Structures are given as C-alpha cells and as structure tokens.
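Shown next: target-v8.cif, containing mmCIF, C-alpha atoms.
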data_data
#
loop_
_atom_site.label_atom_id
_atom_site.label_comp_id
_atom_site.auth_asym_id
_atom_site.auth_seq_id
_atom_site.Cartn_x
_atom_site.Cartn_y
_atom_site.Cartn_z
CA MET G 10 -10.76 57.82 -56.66
CA LYS G 11 -12.10 60.64 -58.87
CA LYS G 12 -10.23 59.13 -61.81
CA ASN G 13 -11.94 55.77 -61.28
CA ILE G 14 -15.36 57.44 -61.08
CA VAL G 15 -14.69 59.26 -64.36
CA ILE G 16 -13.63 56.02 -66.08
CA PHE G 17 -16.74 54.28 -64.74
CA PHE G 18 -19.06 56.90 -66.20
CA ILE G 19 -17.21 56.86 -69.53
CA ILE G 20 -17.79 53.08 -69.76
CA ILE G 21 -21.48 53.52 -68.94
CA ILE G 22 -21.85 56.23 -71.60
CA VAL G 23 -20.05 54.14 -74.25
CA GLN G 24 -22.22 51.10 -73.50
CA ALA G 25 -25.37 53.22 -73.68
CA CYS G 26 -24.29 54.72 -77.00
CA THR G 27 -23.45 51.29 -78.41
CA SER G 28 -26.81 49.90 -77.31
CA SER G 29 -28.58 52.95 -78.72
CA SER G 30 -26.65 52.60 -81.99
CA GLU G 31 -27.55 48.92 -82.38
CA SER G 32 -31.19 49.68 -81.61
CA SER G 33 -31.12 52.49 -84.15
CA ILE G 34 -29.66 50.19 -86.81
CA GLN G 35 -32.44 47.66 -86.22
CA ASN G 36 -35.12 50.33 -86.41
CA GLN G 37 -33.76 52.00 -89.53
CA LYS G 38 -34.46 49.18 -91.96
CA LYS G 39 -32.90 49.74 -95.34
CA LEU G 40 -35.19 48.31 -98.02
CA PHE G 41 -34.06 46.19 -100.97
CA GLU G 42 -35.29 44.54 -104.14
CA PHE G 43 -33.90 42.10 -106.70
CA ILE G 44 -32.89 43.51 -110.08
CA PRO G 45 -32.19 41.16 -113.04
CA THR G 46 -28.78 42.09 -114.48
CA GLY G 47 -28.81 40.22 -117.79
CA ASP G 48 -25.48 38.62 -116.83
CA VAL G 49 -25.64 34.86 -117.38
CA LEU G 50 -23.57 31.78 -116.71
CA GLN G 51 -23.99 28.86 -119.12
CA PHE G 52 -22.91 25.26 -118.77
CA ALA G 53 -23.08 22.81 -121.68
CA LEU G 54 -24.87 19.54 -120.89
CA ASP G 55 -24.14 16.07 -122.20
CA SER G 56 -26.73 13.77 -123.77
CA ILE G 57 -27.82 12.17 -120.48
CA SER G 58 -28.17 15.40 -118.49
CA SER G 59 -31.07 17.83 -118.34
CA PRO G 60 -31.31 21.43 -117.09
CA TYR G 61 -33.09 20.26 -113.95
CA THR G 62 -31.65 19.05 -110.67
CA LYS G 63 -32.64 18.53 -107.06
CA ALA G 64 -29.21 19.40 -105.67
CA ILE G 65 -26.87 22.17 -106.84
CA PHE G 66 -24.22 23.85 -104.68
CA VAL G 67 -21.18 26.10 -104.98
CA GLU G 68 -18.04 25.29 -103.01
CA VAL G 69 -14.53 26.80 -103.11
CA ARG G 70 -11.34 24.74 -103.13
CA ASN G 71 -7.82 26.19 -103.54
CA ASN G 72 -9.35 29.52 -104.63
CA ILE G 73 -11.24 27.78 -107.44
CA GLU G 74 -15.03 27.98 -107.32
CA TYR G 75 -16.83 24.84 -108.39
CA LEU G 76 -20.48 24.24 -109.18
CA TYR G 77 -21.68 20.75 -108.22
CA VAL G 78 -24.83 19.41 -109.90
CA LEU G 79 -26.62 16.14 -109.17
CA ASN G 80 -28.03 13.96 -111.94
CA ASP G 81 -30.11 11.63 -109.78
CA LYS G 82 -31.38 9.58 -112.76
CA HIS G 83 -27.86 8.35 -113.53
CA ASN G 84 -26.16 8.65 -110.12
CA ILE G 85 -23.71 11.26 -111.39
CA ILE G 86 -22.38 14.44 -109.79
CA SER G 87 -21.07 16.87 -112.40
CA VAL G 88 -18.43 19.37 -111.28
CA TYR G 89 -18.09 22.62 -113.24
CA ASP G 90 -15.42 25.30 -113.06
CA LEU G 91 -17.51 28.43 -112.49
CA GLU G 92 -14.93 30.89 -113.81
CA LYS G 93 -14.39 28.95 -117.04
CA GLN G 94 -18.05 27.85 -117.29
CA SER G 95 -16.84 24.40 -118.30
CA LEU G 96 -17.08 20.83 -117.06
CA PHE G 97 -14.20 19.94 -114.73
CA LYS G 98 -15.12 16.32 -114.02
CA GLN G 99 -17.98 13.87 -113.48
CA ILE G 100 -18.23 11.51 -110.55
CA LYS G 101 -20.14 8.34 -111.40
CA LEU G 102 -21.39 6.51 -108.33
CA ALA G 103 -22.17 2.80 -108.24
CA TYR G 104 -25.58 1.59 -107.16
CA GLU G 105 -24.31 -1.73 -105.79
CA GLY G 106 -21.09 -3.54 -104.98
CA PRO G 107 -18.17 -2.59 -102.71
CA ASN G 108 -18.59 1.11 -103.64
CA GLY G 109 -22.36 1.00 -103.98
CA VAL G 110 -24.25 3.96 -102.49
CA GLY G 111 -27.72 3.18 -103.85
CA ASN G 112 -29.79 5.95 -105.41
CA ILE G 113 -28.24 9.31 -104.53
CA LYS G 114 -30.70 11.77 -102.98
CA GLY G 115 -28.29 14.57 -102.13
CA PHE G 116 -24.71 15.48 -101.32
CA ARG G 117 -22.32 17.93 -99.67
CA ALA G 118 -19.05 18.70 -101.46
CA PHE G 119 -15.80 19.76 -99.80
CA SER G 120 -13.68 19.45 -102.94
CA PRO G 121 -13.90 17.58 -106.28
CA ASP G 122 -12.14 14.71 -104.49
CA SER G 123 -14.05 14.70 -101.20
CA LEU G 124 -17.85 14.61 -100.94
CA LEU G 125 -20.58 13.31 -98.66
CA VAL G 126 -23.52 11.61 -100.40
CA VAL G 127 -26.82 10.40 -98.97
CA ASN G 128 -29.55 8.00 -100.07
CA ASN G 129 -32.80 6.67 -98.58
CA THR G 130 -31.09 4.97 -95.63
CA PRO G 131 -29.71 6.37 -92.35
CA LYS G 132 -26.22 6.48 -93.84
CA VAL G 133 -23.81 9.14 -95.07
CA PHE G 134 -21.01 8.07 -97.43
CA LEU G 135 -17.69 9.88 -97.72
CA ILE G 136 -16.46 9.39 -101.32
CA ASN G 137 -13.48 10.49 -103.37
CA GLY G 138 -13.41 11.91 -106.89
CA LYS G 139 -13.49 8.43 -108.42
CA GLY G 140 -16.64 7.47 -106.59
CA ASP G 141 -14.85 5.16 -104.16
CA ILE G 142 -16.29 4.95 -100.65
CA LYS G 143 -13.69 6.08 -98.12
CA LYS G 144 -15.94 5.93 -95.05
CA THR G 145 -19.55 5.05 -94.22
CA TYR G 146 -21.29 6.80 -91.33
CA TYR G 147 -24.36 5.08 -89.90
CA TYR G 148 -26.37 7.34 -87.62
CA GLY G 149 -29.28 4.98 -86.94
CA SER G 150 -29.68 2.62 -84.00
CA GLU G 151 -31.74 -0.37 -83.00
CA ASN G 152 -33.78 1.79 -80.62
CA GLN G 153 -34.25 4.86 -82.79
CA ASP G 154 -35.32 4.98 -86.43
CA LEU G 155 -34.11 8.37 -87.65
CA GLY G 156 -34.90 7.62 -91.28
CA SER G 157 -32.88 9.13 -94.09
CA THR G 158 -31.31 12.55 -94.26
CA SER G 159 -31.20 14.93 -97.22
CA SER G 160 -28.84 17.49 -98.68
CA ASN G 161 -30.73 19.20 -101.48
CA SER G 162 -31.33 22.62 -102.97
CA ILE G 163 -35.07 22.01 -103.51
CA ASN G 164 -36.52 22.97 -100.12
CA TYR G 165 -32.92 23.86 -99.34
CA LYS G 166 -31.40 21.62 -96.69
CA LYS G 167 -27.67 21.01 -96.81
CA ILE G 168 -25.46 18.91 -94.56
CA GLU G 169 -23.71 21.58 -92.51
CA VAL G 170 -20.31 21.32 -90.82
CA ILE G 171 -20.76 22.74 -87.30
CA GLN G 172 -17.25 21.91 -86.10
CA GLU G 173 -14.62 19.29 -86.80
CA ASN G 174 -16.24 15.83 -86.86
CA THR G 175 -19.74 17.24 -86.25
CA PHE G 176 -22.41 17.59 -88.94
CA ALA G 177 -25.91 19.04 -88.72
CA LEU G 178 -28.30 16.66 -90.49
CA THR G 179 -32.02 16.84 -91.21
CA LYS G 180 -34.77 14.24 -91.17
CA MET G 181 -38.47 13.89 -91.92
CA PRO G 182 -41.21 12.08 -89.95
CA GLN G 183 -41.34 8.38 -90.75
CA GLY G 184 -44.37 6.30 -91.72
CA ASN G 185 -47.69 7.38 -93.23
CA TRP G 186 -47.87 11.18 -93.11
CA ASN G 187 -51.66 11.02 -93.34
CA LEU G 188 -51.70 9.56 -89.84
CA LEU G 189 -49.59 12.32 -88.29
CA THR G 190 -51.14 14.64 -85.72
CA SER G 191 -50.14 18.08 -84.45
CA ARG G 192 -48.90 16.41 -81.30
CA ASN G 193 -46.67 14.09 -83.35
CA LEU G 194 -45.13 17.09 -85.10
CA GLU G 195 -44.64 19.04 -81.88
CA GLN G 196 -42.65 16.10 -80.50
CA PHE G 197 -40.61 15.58 -83.67
CA HIS G 198 -37.14 17.11 -84.01
CA PRO G 199 -36.29 17.58 -87.70
CA SER G 200 -32.63 18.42 -87.10
CA PHE G 201 -29.82 16.73 -85.21
CA LEU G 202 -26.05 16.75 -84.80
CA TYR G 203 -23.96 13.72 -85.67
CA ASN G 204 -20.43 13.33 -84.34
CA THR G 205 -18.47 11.12 -86.72
CA GLN G 206 -15.71 10.47 -84.18
CA THR G 207 -17.89 9.29 -81.30
CA GLU G 208 -20.71 8.12 -83.62
CA THR G 209 -23.27 9.79 -81.37
CA ILE G 210 -26.27 11.96 -82.16
CA GLU G 211 -27.76 14.98 -80.42
CA GLU G 212 -31.29 16.06 -81.29
CA LEU G 213 -31.64 19.82 -81.63
CA PRO G 214 -34.51 21.64 -79.84
CA ILE G 215 -36.36 22.74 -82.99
CA THR G 216 -39.75 21.06 -83.58
CA TYR G 217 -42.62 21.81 -85.93
CA PRO G 218 -44.64 24.92 -85.03
CA LYS G 219 -47.37 24.44 -82.43
CA ASP G 220 -50.81 23.58 -83.84
CA TYR G 221 -49.38 23.14 -87.35
CA PHE G 222 -52.34 20.83 -88.16
CA LYS G 223 -54.90 22.72 -86.06
CA GLU G 224 -57.09 23.60 -89.06
CA GLY G 225 -56.30 20.43 -91.02
CA LYS G 226 -53.45 18.62 -92.71
CA LYS G 227 -50.81 20.70 -94.52
CA GLU G 228 -47.63 19.84 -96.35
CA ILE G 229 -44.80 19.25 -93.84
CA THR G 230 -41.72 20.04 -95.92
CA TYR G 231 -39.30 22.64 -94.58
CA SER G 232 -36.01 24.32 -95.38
CA ARG G 233 -32.92 25.09 -93.31
CA CYS G 234 -29.80 27.20 -93.78
CA TYR G 235 -26.74 28.02 -91.65
CA ASN G 236 -24.88 31.29 -91.12
CA GLY G 237 -21.90 29.86 -89.26
CA ARG G 238 -23.49 30.29 -85.84
CA GLN G 239 -27.23 29.77 -86.18
CA LEU G 240 -29.50 27.35 -88.00
CA ILE G 241 -32.52 29.07 -89.58
CA TYR G 242 -35.69 27.16 -90.46
CA SER G 243 -38.61 27.91 -92.78
CA PHE G 244 -41.71 25.69 -92.71
CA TYR G 245 -44.05 25.23 -95.69
CA ALA G 246 -47.20 26.69 -94.11
CA ASP G 247 -45.80 29.07 -91.50
CA PRO G 248 -45.02 32.78 -92.04
CA HIS G 249 -42.44 32.69 -89.23
CA ILE G 250 -38.81 31.69 -89.43
CA TYR G 251 -37.11 29.94 -86.51
CA ILE G 252 -33.57 30.69 -85.39
CA HIS G 253 -31.53 28.24 -83.32
CA ASP G 254 -28.25 29.48 -81.85
CA ILE G 255 -26.00 26.41 -81.74
CA GLU G 256 -23.69 27.65 -78.98
CA SER G 257 -26.26 29.03 -76.53
CA GLY G 258 -29.08 26.67 -77.46
CA LYS G 259 -31.47 29.63 -77.65
CA LEU G 260 -34.44 29.19 -79.99
CA THR G 261 -36.35 32.24 -81.23
CA SER G 262 -38.86 33.02 -83.99
CA GLN G 263 -39.60 35.99 -86.19
CA GLN G 264 -42.56 36.60 -88.47
CA VAL G 265 -41.36 37.12 -92.04
CA ALA G 266 -44.55 36.86 -94.09
CA SER G 267 -45.00 37.29 -97.82
CA LYS G 268 -47.43 39.98 -98.94
CA TYR G 269 -48.50 37.56 -101.68
CA ILE G 270 -49.40 34.72 -99.31
CA GLY G 271 -52.44 34.87 -97.07
CA LYS G 272 -53.68 32.15 -94.79
CA ILE G 273 -52.54 28.80 -96.13
CA LYS G 274 -55.49 26.44 -96.33
CA PRO G 275 -55.26 22.80 -95.27
CA MET G 276 -55.79 19.89 -97.67
CA GLU G 277 -59.46 19.01 -98.11
CA ASN G 278 -58.74 15.41 -99.16
CA LEU G 279 -55.73 13.18 -98.79
CA ASP G 280 -55.99 11.17 -102.04
CA TYR G 281 -53.28 11.46 -104.71
CA GLN G 282 -55.16 13.69 -107.18
CA SER G 283 -56.23 16.09 -104.45
CA TYR G 284 -52.65 16.22 -103.20
CA MET G 285 -51.36 17.10 -106.69
CA LYS G 286 -54.03 19.78 -107.09
CA TYR G 287 -53.07 21.17 -103.68
CA GLY G 288 -49.45 21.34 -104.83
CA VAL G 289 -50.40 23.56 -107.80
CA GLU G 290 -52.93 25.89 -106.21
CA THR G 291 -51.61 26.33 -102.68
CA PRO G 292 -49.05 29.05 -101.94
CA TYR G 293 -46.23 28.11 -99.59
CA TYR G 294 -42.88 29.10 -98.12
CA GLY G 295 -40.01 27.23 -99.77
CA SER G 296 -36.24 27.49 -99.53
CA ILE G 297 -34.42 29.83 -97.21
CA VAL G 298 -30.74 30.53 -98.00
CA TYR G 299 -27.98 32.71 -96.58
CA ASP G 300 -25.87 35.08 -98.69
CA GLU G 301 -22.69 35.46 -96.66
CA SER G 302 -21.26 38.34 -98.70
CA SER G 303 -24.27 40.60 -98.11
CA GLN G 304 -25.35 39.07 -94.77
CA LEU G 305 -28.85 38.73 -96.16
CA TYR G 306 -31.26 35.81 -96.22
CA TYR G 307 -33.55 34.96 -99.13
CA ARG G 308 -36.88 33.23 -98.50
CA PHE G 309 -38.52 31.78 -101.61
CA CYS G 310 -42.32 31.96 -101.76
CA TYR G 311 -44.58 30.18 -104.23
CA VAL G 312 -47.68 32.34 -104.57
CA GLY G 313 -49.94 29.61 -106.05
CA THR G 314 -51.78 29.43 -109.34
CA GLU G 315 -55.27 28.39 -110.38
CA LEU G 316 -55.49 24.90 -111.86
CA THR G 317 -57.01 24.89 -115.37
CA THR G 318 -58.22 22.00 -117.51
CA ASN G 319 -55.35 22.20 -120.02
CA MET G 320 -52.63 22.50 -117.37
CA ASN G 321 -50.00 19.78 -116.96
CA ILE G 322 -50.06 19.27 -113.18
CA ARG G 323 -46.69 17.50 -112.91
CA GLU G 324 -44.93 20.09 -115.04
CA THR G 325 -46.52 22.97 -113.12
CA ILE G 326 -45.34 21.52 -109.79
CA LYS G 327 -41.85 21.01 -111.19
CA TYR G 328 -41.70 24.44 -112.86
CA LYS G 329 -43.63 26.89 -110.69
CA PRO G 330 -45.34 29.62 -112.78
CA ILE G 331 -44.87 32.54 -110.38
CA PHE G 332 -43.04 33.21 -107.14
CA SER G 333 -41.47 35.90 -104.98
CA ILE G 334 -38.36 36.11 -102.83
CA ILE G 335 -38.35 37.84 -99.44
CA ILE G 336 -35.12 39.62 -98.47
CA ILE G 337 -34.24 39.40 -94.76
CA ASN G 338 -31.48 41.35 -92.99
CA LYS G 339 -29.07 40.10 -90.32
CA PHE G 340 -31.56 41.09 -87.60
CA PHE G 341 -34.09 38.72 -89.24
CA GLN G 342 -36.28 41.59 -90.36
CA LYS G 343 -38.05 41.62 -93.69
CA VAL G 344 -36.43 44.36 -95.79
CA GLY G 345 -37.93 43.65 -99.19
CA GLU G 346 -39.81 41.26 -101.43
CA THR G 347 -39.64 40.88 -105.20
CA LEU G 348 -42.30 39.20 -107.33
CA PHE G 349 -40.78 37.73 -110.49
CA LYS G 350 -42.32 37.64 -113.94
CA GLU G 351 -44.39 34.60 -114.73
CA ASN G 352 -42.93 31.46 -116.33
CA TYR G 353 -39.40 32.82 -116.63
CA TYR G 354 -37.23 31.50 -113.77
CA ASN G 355 -37.17 28.15 -111.99
CA MET G 356 -37.53 28.98 -108.30
CA ASP G 357 -36.07 25.62 -107.20
CA ILE G 358 -32.76 25.83 -109.08
CA PHE G 359 -30.36 28.52 -107.92
CA PHE G 360 -27.02 29.22 -106.27
CA ILE G 361 -25.20 32.16 -104.69
CA TYR G 362 -21.96 33.30 -106.31
CA LYS G 363 -19.92 36.52 -106.35
CA GLN G 364 -22.39 38.83 -104.62
CA GLY G 365 -25.36 37.66 -106.56
CA LEU G 366 -28.18 35.16 -106.61
CA TYR G 367 -28.16 33.10 -109.78
CA LEU G 368 -31.56 31.78 -110.85
CA SER G 369 -32.10 29.18 -113.56
CA ILE G 370 -33.95 30.47 -116.63
CA ASN G 371 -34.50 26.88 -117.78
CA HIS G 372 -38.28 27.07 -117.62
CA PRO G 373 -40.23 25.26 -120.40
CA ARG G 374 -42.45 28.32 -120.94
CA ASN G 375 -39.55 30.74 -121.10
CA PRO G 376 -38.77 31.67 -124.74
CA LYS G 377 -35.06 31.75 -123.81
CA ASN G 378 -35.09 28.17 -122.51
CA VAL G 379 -32.60 25.74 -124.07
CA GLU G 380 -32.40 22.02 -123.34
CA ASP G 381 -28.69 21.45 -123.95
CA LYS G 382 -27.43 24.08 -121.49
CA PHE G 383 -27.87 25.04 -117.88
CA VAL G 384 -28.39 28.81 -117.96
CA PHE G 385 -28.44 31.08 -114.90
CA GLU G 386 -29.06 34.82 -114.69
CA ARG G 387 -27.52 36.93 -111.96
CA LEU G 388 -29.91 38.92 -109.78
CA GLU G 389 -28.53 41.87 -107.89
CA VAL G 390 -29.83 43.12 -104.56
CA SER G 391 -30.45 46.86 -104.95
CA SER G 392 -31.51 49.36 -102.30
CA LEU G 393 -34.81 51.19 -102.80
#
Mind converting the file's structure to structure tokens?
Amino acid sequence: MKKNIVIFFIIIIVQACTSSSESSIQNQKKLFEFIPTGDVLQFALDSISSPYTKAIFVEVRNNIEYLYVLNDKHNIISVYDLEKQSLFKQIKLAYEGPNGVGNIKGFRAFSPDSLLVVNNTPKVFLINGKGDIKKTYYYGSENQDLGSTSSNSINYKKIEVIQENTFALTKMPQGNWNLLTSRNLEQFHPSFLYNTQTETIEELPITYPKDYFKEGKKEITYSRCYNGRQLIYSFYADPHIYIHDIESGKLTSQQVASKYIGKIKPMENLDYQSYMKYGVETPYYGSIVYDESSQLYYRFCYVGTELTTNMNIRETIKYKPIFSIIIINKFFQKVGETLFKENYYNMDIFFIYKQGLYLSINHPRNPKNVEDKFVFERLEVSSL
C-alpha cells in the first residue's frame, strides 16, 4: 500500500514538472532574425521563361531534391535538380484535347512523374511526366458551386495531403466580390477536404474573421500552410493567425502582428484604378509558410509604399519595394521580425531548402538582377 502511494506521488511530481517545464519553454521566448548569407542558387532559363512565377515548390523523391517552377504563360512546369542547379525536365501541358488541362493556375508535385495540376474549374488533374492525364478529380456538384482551387506560392496555398486519398483544398468566394458582406464571409469556408476514393467533400470549420468588413471593404486573399497536423491560416487584413487541428477539430487564434503594419484601412472606392492604388499603398499580411527543419513559421508582411506620379503601378504590385518577415515558434508566438532592404528581394518568390529560406533576388530595381537566370539567396535564421 505504501509502495503504491509513493508511486502515485512520483507520477504527480513528474507531471507537475513536465507541465512546469513546458510552461517555462513557452514563456522563455528565444528571439531570432534573418541574416543574408550570400550563398546563392542559380538556375539558367530558356528563351520563353522569365524569373517570375506564381507557383514554386521543393519536393524530394528518391533522396533527390527537385525544384518545380510554373510557367503559366506557356503551360509548362520546369523541374530542376537542386543539388546540380540544372534543368532535369520540362512538362508541357496541353490546353485542349484528350490531355487538355486548360490554363494551369497551380500544382502539387509528388515526383517528376506524378503531379496534381489545377485550373479555373472545380477539377484537379493527376498527370505524369509526359503531361498525360492519368485521373481527373471533380469536386463540384450540381447543388454546390465550390469554384476553383489553387496551389500557388503567391499568397501561399498548396494542395496538402492529409492522409491517403484525402487532400486539403482551398477556395475563394464566388461571384462579384464587391457585393460580399461580412456575413457572407463569416459563413464562407475557404478550406475543405476532398476524398478521392469516395469523391466526397468535408468543409473545414475555418471561416473569415468576424467583422472583416466592419469598417469597409478589404482585400480577401489569404494564405495557408500545413505542419503535418494543423492547418495555419493568415488573412490579408488580420494580425491574427488561425490554427485548425485536423484530428481534434479544434480551432484557435493567436495575434502575430507586424510592428510595421498598423490598422489596415478599407478601400475608399471599388473602381479599378482605386483598387490598383490600394494594392500599392496598403500594407498587408501575405504568405505564411512552415519550415519543418527548424519548426518555425514565416509570415510575410508587405509594409506598403507611397504611390508617386512616376511609379509603375503594375510593376510595383508585382515586385513589392519593401517587406518584412515575422518569425513564429512552434507555440505560435512571435519570436522575431526582419525588415529587408528596399527593392532587393521578391517577397512572393521563395522556397525552403536545407535549413534556409531562399528568396529570389530577381527584382527589376536590384543591381544584381539578371533576366536569364533564376537567382535565390539563402537567408539564415539566427538567434539574437
């Protein structure tokens, strides 16, 4: 009896120490910053490719790391061997015909011979390395218009494999966005699971933040990443991130605000020119990505810039002048933020590889910019 009592108290003490230790770890936040290393990766481009893309991802197959890059103007996915920094193959996809996939808007690669591609329809195509369609998944229905999904690195949203035969897909509100209300957004689920075996969908509980339009219309783009257990969301005009645990269904939020972004103002007018001006001047929260090797998250933040008379609006939207990246630990706490030098990196073109974040230096105002190569510099996370 005494022995059992002793064991009981030992268990209680161990649990208390473990709880105390975890609490201590969360309270003792180690701070970080990004340091440019000068190490670069370069990939030669052909005559029809440019150092700009809307979808770029790294995937590993048979211990070989490949970089996949979308050329959406020509419906081509280029596959590079990262170690050799050379082109491995190009996958040309047909617009029409028996293997037609329309205009590619994004993809998810499993290997150079197995990829999912998406377009502007509620379809996902499984293709091989020759561009042949092996399977077409249609996730729409007569009673529910889910619209098209995306799998891009701009406002990072990738098709995620949750388990065998189940993908996590994203969607955007359909119709005229100018007519949307806060209530519409609060009832809209931007993420859902699609089971390819049963061909069924399951909407996930995440919706847009409450009162997103309370002070007026704002951009409704968002980003989403996956850590193997949870889906993490970042909305354009919200300082919080939202964490959805797939297994438990629990949905939580955490404020992770940029010190360079204040209150994000709504759009004053909804015409095209005002919208473009808003895109240049308004700061916002962009991509959120997960670095598995360091168990850190990176939240990209455009800090906004004043529109001048000699400024090319389209180019400025495409190549943001200045931005920061927030560093978030595994407890979803902000543990650093780095503001990068102006007109040097392209905040929308990046990938994570070998314990580093690689940012494109292909910015038209960067003196080191070259048009015939994709050039990426490695940024290292360093403790302060």
- Written as a list in words, what is the full residue list that the PyMOL selection byres ((chain G and resi 223) around 10) yields on the file shown?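 That selection, the PyMOL selection byres ((chain G and resi 223) around 10), comes back as Thr190, Ser191, Arg192, Lys219, Asp220, Tyr221, Phe222, Glu224, Gly225, Lys226, Lys227 and Pro275 of chain G.
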Residues from the last selection, C-alpha atoms, saved as a short mmCIF file (atom, residue, chain, number, x, y, z; two decimals), keeping the file's coordinate frame:
data_model
loop_
_atom_site.label_atom_id
_atom_site.label_comp_id
_atom_site.auth_asym_id
_atom_site.auth_seq_id
_atom_site.Cartn_x
_atom_site.Cartn_y
_atom_site.Cartn_z
CA THR G 190 -51.14 14.64 -85.72
CA SER G 191 -50.14 18.08 -84.45
CA ARG G 192 -48.90 16.41 -81.30
CA LYS G 219 -47.37 24.44 -82.43
CA ASP G 220 -50.81 23.58 -83.84
CA TYR G 221 -49.38 23.14 -87.35
CA PHE G 222 -52.34 20.83 -88.16
CA GLU G 224 -57.09 23.60 -89.06
CA GLY G 225 -56.30 20.43 -91.02
CA LYS G 226 -53.45 18.62 -92.71
CA LYS G 227 -50.81 20.70 -94.52
CA PRO G 275 -55.26 22.80 -95.27
#
Write out as JSON lines the residues of range 228-336 of chain G that have any atom within 12 Å of an atom of range 166-177 of chain G, one row each with the nearest atom pair and its distance in Å to one decimal, counting only C-alpha atoms, sorted by chain and then rising number.
{"residue": "G:Thr230", "atom": "CA", "partner": "G:Lys166", "partner_atom": "CA", "distance": 10.5}
{"residue": "G:Tyr231", "atom": "CA", "partner": "G:Lys166", "partner_atom": "CA", "distance": 8.2}
{"residue": "G:Ser232", "atom": "CA", "partner": "G:Lys166", "partner_atom": "CA", "distance": 5.5}
{"residue": "G:Arg233", "atom": "CA", "partner": "G:Lys166", "partner_atom": "CA", "distance": 5.1}
{"residue": "G:Cys234", "atom": "CA", "partner": "G:Lys166", "partner_atom": "CA", "distance": 6.5}
{"residue": "G:Tyr235", "atom": "CA", "partner": "G:Glu169", "partner_atom": "CA", "distance": 7.2}
{"residue": "G:Asn236", "atom": "CA", "partner": "G:Glu169", "partner_atom": "CA", "distance": 9.9}
{"residue": "G:Gly237", "atom": "CA", "partner": "G:Ile171", "partner_atom": "CA", "distance": 7.5}
{"residue": "G:Arg238", "atom": "CA", "partner": "G:Ile171", "partner_atom": "CA", "distance": 8.2}
{"residue": "G:Gln239", "atom": "CA", "partner": "G:Ile171", "partner_atom": "CA", "distance": 9.6}
{"residue": "G:Leu240", "atom": "CA", "partner": "G:Ala177", "partner_atom": "CA", "distance": 9.1}
{"residue": "G:Ile241", "atom": "CA", "partner": "G:Lys166", "partner_atom": "CA", "distance": 10.4}
{"residue": "G:Tyr242", "atom": "CA", "partner": "G:Lys166", "partner_atom": "CA", "distance": 9.4}
{"residue": "G:Ser243", "atom": "CA", "partner": "G:Lys166", "partner_atom": "CA", "distance": 10.3}
{"residue": "G:Phe244", "atom": "CA", "partner": "G:Lys166", "partner_atom": "CA", "distance": 11.8}
{"residue": "G:Asp254", "atom": "CA", "partner": "G:Ile171", "partner_atom": "CA", "distance": 11.5}
{"residue": "G:Ile255", "atom": "CA", "partner": "G:Ile171", "partner_atom": "CA", "distance": 8.5}
{"residue": "G:Glu256", "atom": "CA", "partner": "G:Ile171", "partner_atom": "CA", "distance": 10.1}
{"residue": "G:Gly295", "atom": "CA", "partner": "G:Lys166", "partner_atom": "CA", "distance": 10.7}
{"residue": "G:Ser296", "atom": "CA", "partner": "G:Lys166", "partner_atom": "CA", "distance": 8.1}
{"residue": "G:Ile297", "atom": "CA", "partner": "G:Lys166", "partner_atom": "CA", "distance": 8.8}
{"residue": "G:Val298", "atom": "CA", "partner": "G:Lys166", "partner_atom": "CA", "distance": 9.0}
{"residue": "G:Tyr299", "atom": "CA", "partner": "G:Lys166", "partner_atom": "CA", "distance": 11.6}
May I have the selected residues written with C-alpha atoms, as a compact mmCIF listing (two decimals), in the coordinates of the input?
# COMPACT_ATOMS: atom_id res chain seq x y z
CA THR G 230 -41.72 20.04 -95.92
CA TYR G 231 -39.30 22.64 -94.58
CA SER G 232 -36.01 24.32 -95.38
CA ARG G 233 -32.92 25.09 -93.31
CA CYS G 234 -29.80 27.20 -93.78
CA TYR G 235 -26.74 28.02 -91.65
CA ASN G 236 -24.88 31.29 -91.12
CA GLY G 237 -21.90 29.86 -89.26
CA ARG G 238 -23.49 30.29 -85.84
CA GLN G 239 -27.23 29.77 -86.18
CA LEU G 240 -29.50 27.35 -88.00
CA ILE G 241 -32.52 29.07 -89.58
CA TYR G 242 -35.69 27.16 -90.46
CA SER G 243 -38.61 27.91 -92.78
CA PHE G 244 -41.71 25.69 -92.71
CA ASP G 254 -28.25 29.48 -81.85
CA ILE G 255 -26.00 26.41 -81.74
CA GLU G 256 -23.69 27.65 -78.98
CA GLY G 295 -40.01 27.23 -99.77
CA SER G 296 -36.24 27.49 -99.53
CA ILE G 297 -34.42 29.83 -97.21
CA VAL G 298 -30.74 30.53 -98.00
CA TYR G 299 -27.98 32.71 -96.58
- Rank G:Met181, G:Cys310, G:Ala64, G:Ile331 by their smallest atom-to-atom distance to Tyr353 in chain G, using only C-alpha atoms, and report the top residue only.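 Closest to Tyr353 in chain G of all the choices is G:Ile331.
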- Item | Picked residues, the PyMOL selection byres ((chain G and resi 93) around 12), as an MDAnalysis selection string | chainID G and resid 50:53 73:76 88:92 94:97
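One finds CA of Pro60 in chain G at 13.7 Å from CA of Arg374 in chain G.
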- the PyMOL selection byres ((chain G and resi 136-143) around 7) on the file shown: which residues, as a list in words? Ile100, Lys101, Leu102, Asn108, Pro121, Asp122, Ser123, Leu124, Leu125, Phe134, Leu135 and Lys144 of chain G
- Message: When you count only C-alpha atoms, which of these residues is closest to Val289 in chain G: G:Leu388, G:Ala118, G:Ile44, G:Val312?
- Response: G:Val312
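From CA of Tyr147 in chain G back to CA of Ser257 in chain G, the distance works out to 27.5 Å.
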Draw an axis-aligned box over all listed atoms of range 77-96 of chain G, pad each side with 4 Å, and write its centre and edge lengths in Å, one decimal, as AutoDock Vina command-line options.
--center_x -22.9 --center_y 19.6 --center_z -113.3 --size_x 25.0 --size_y 30.5 --size_z 18.1
- Could you tell me how far CA of Ser160 in chain G lies from CA of Thr145 in chain G, in Å and to one decimal? 16.2 Å
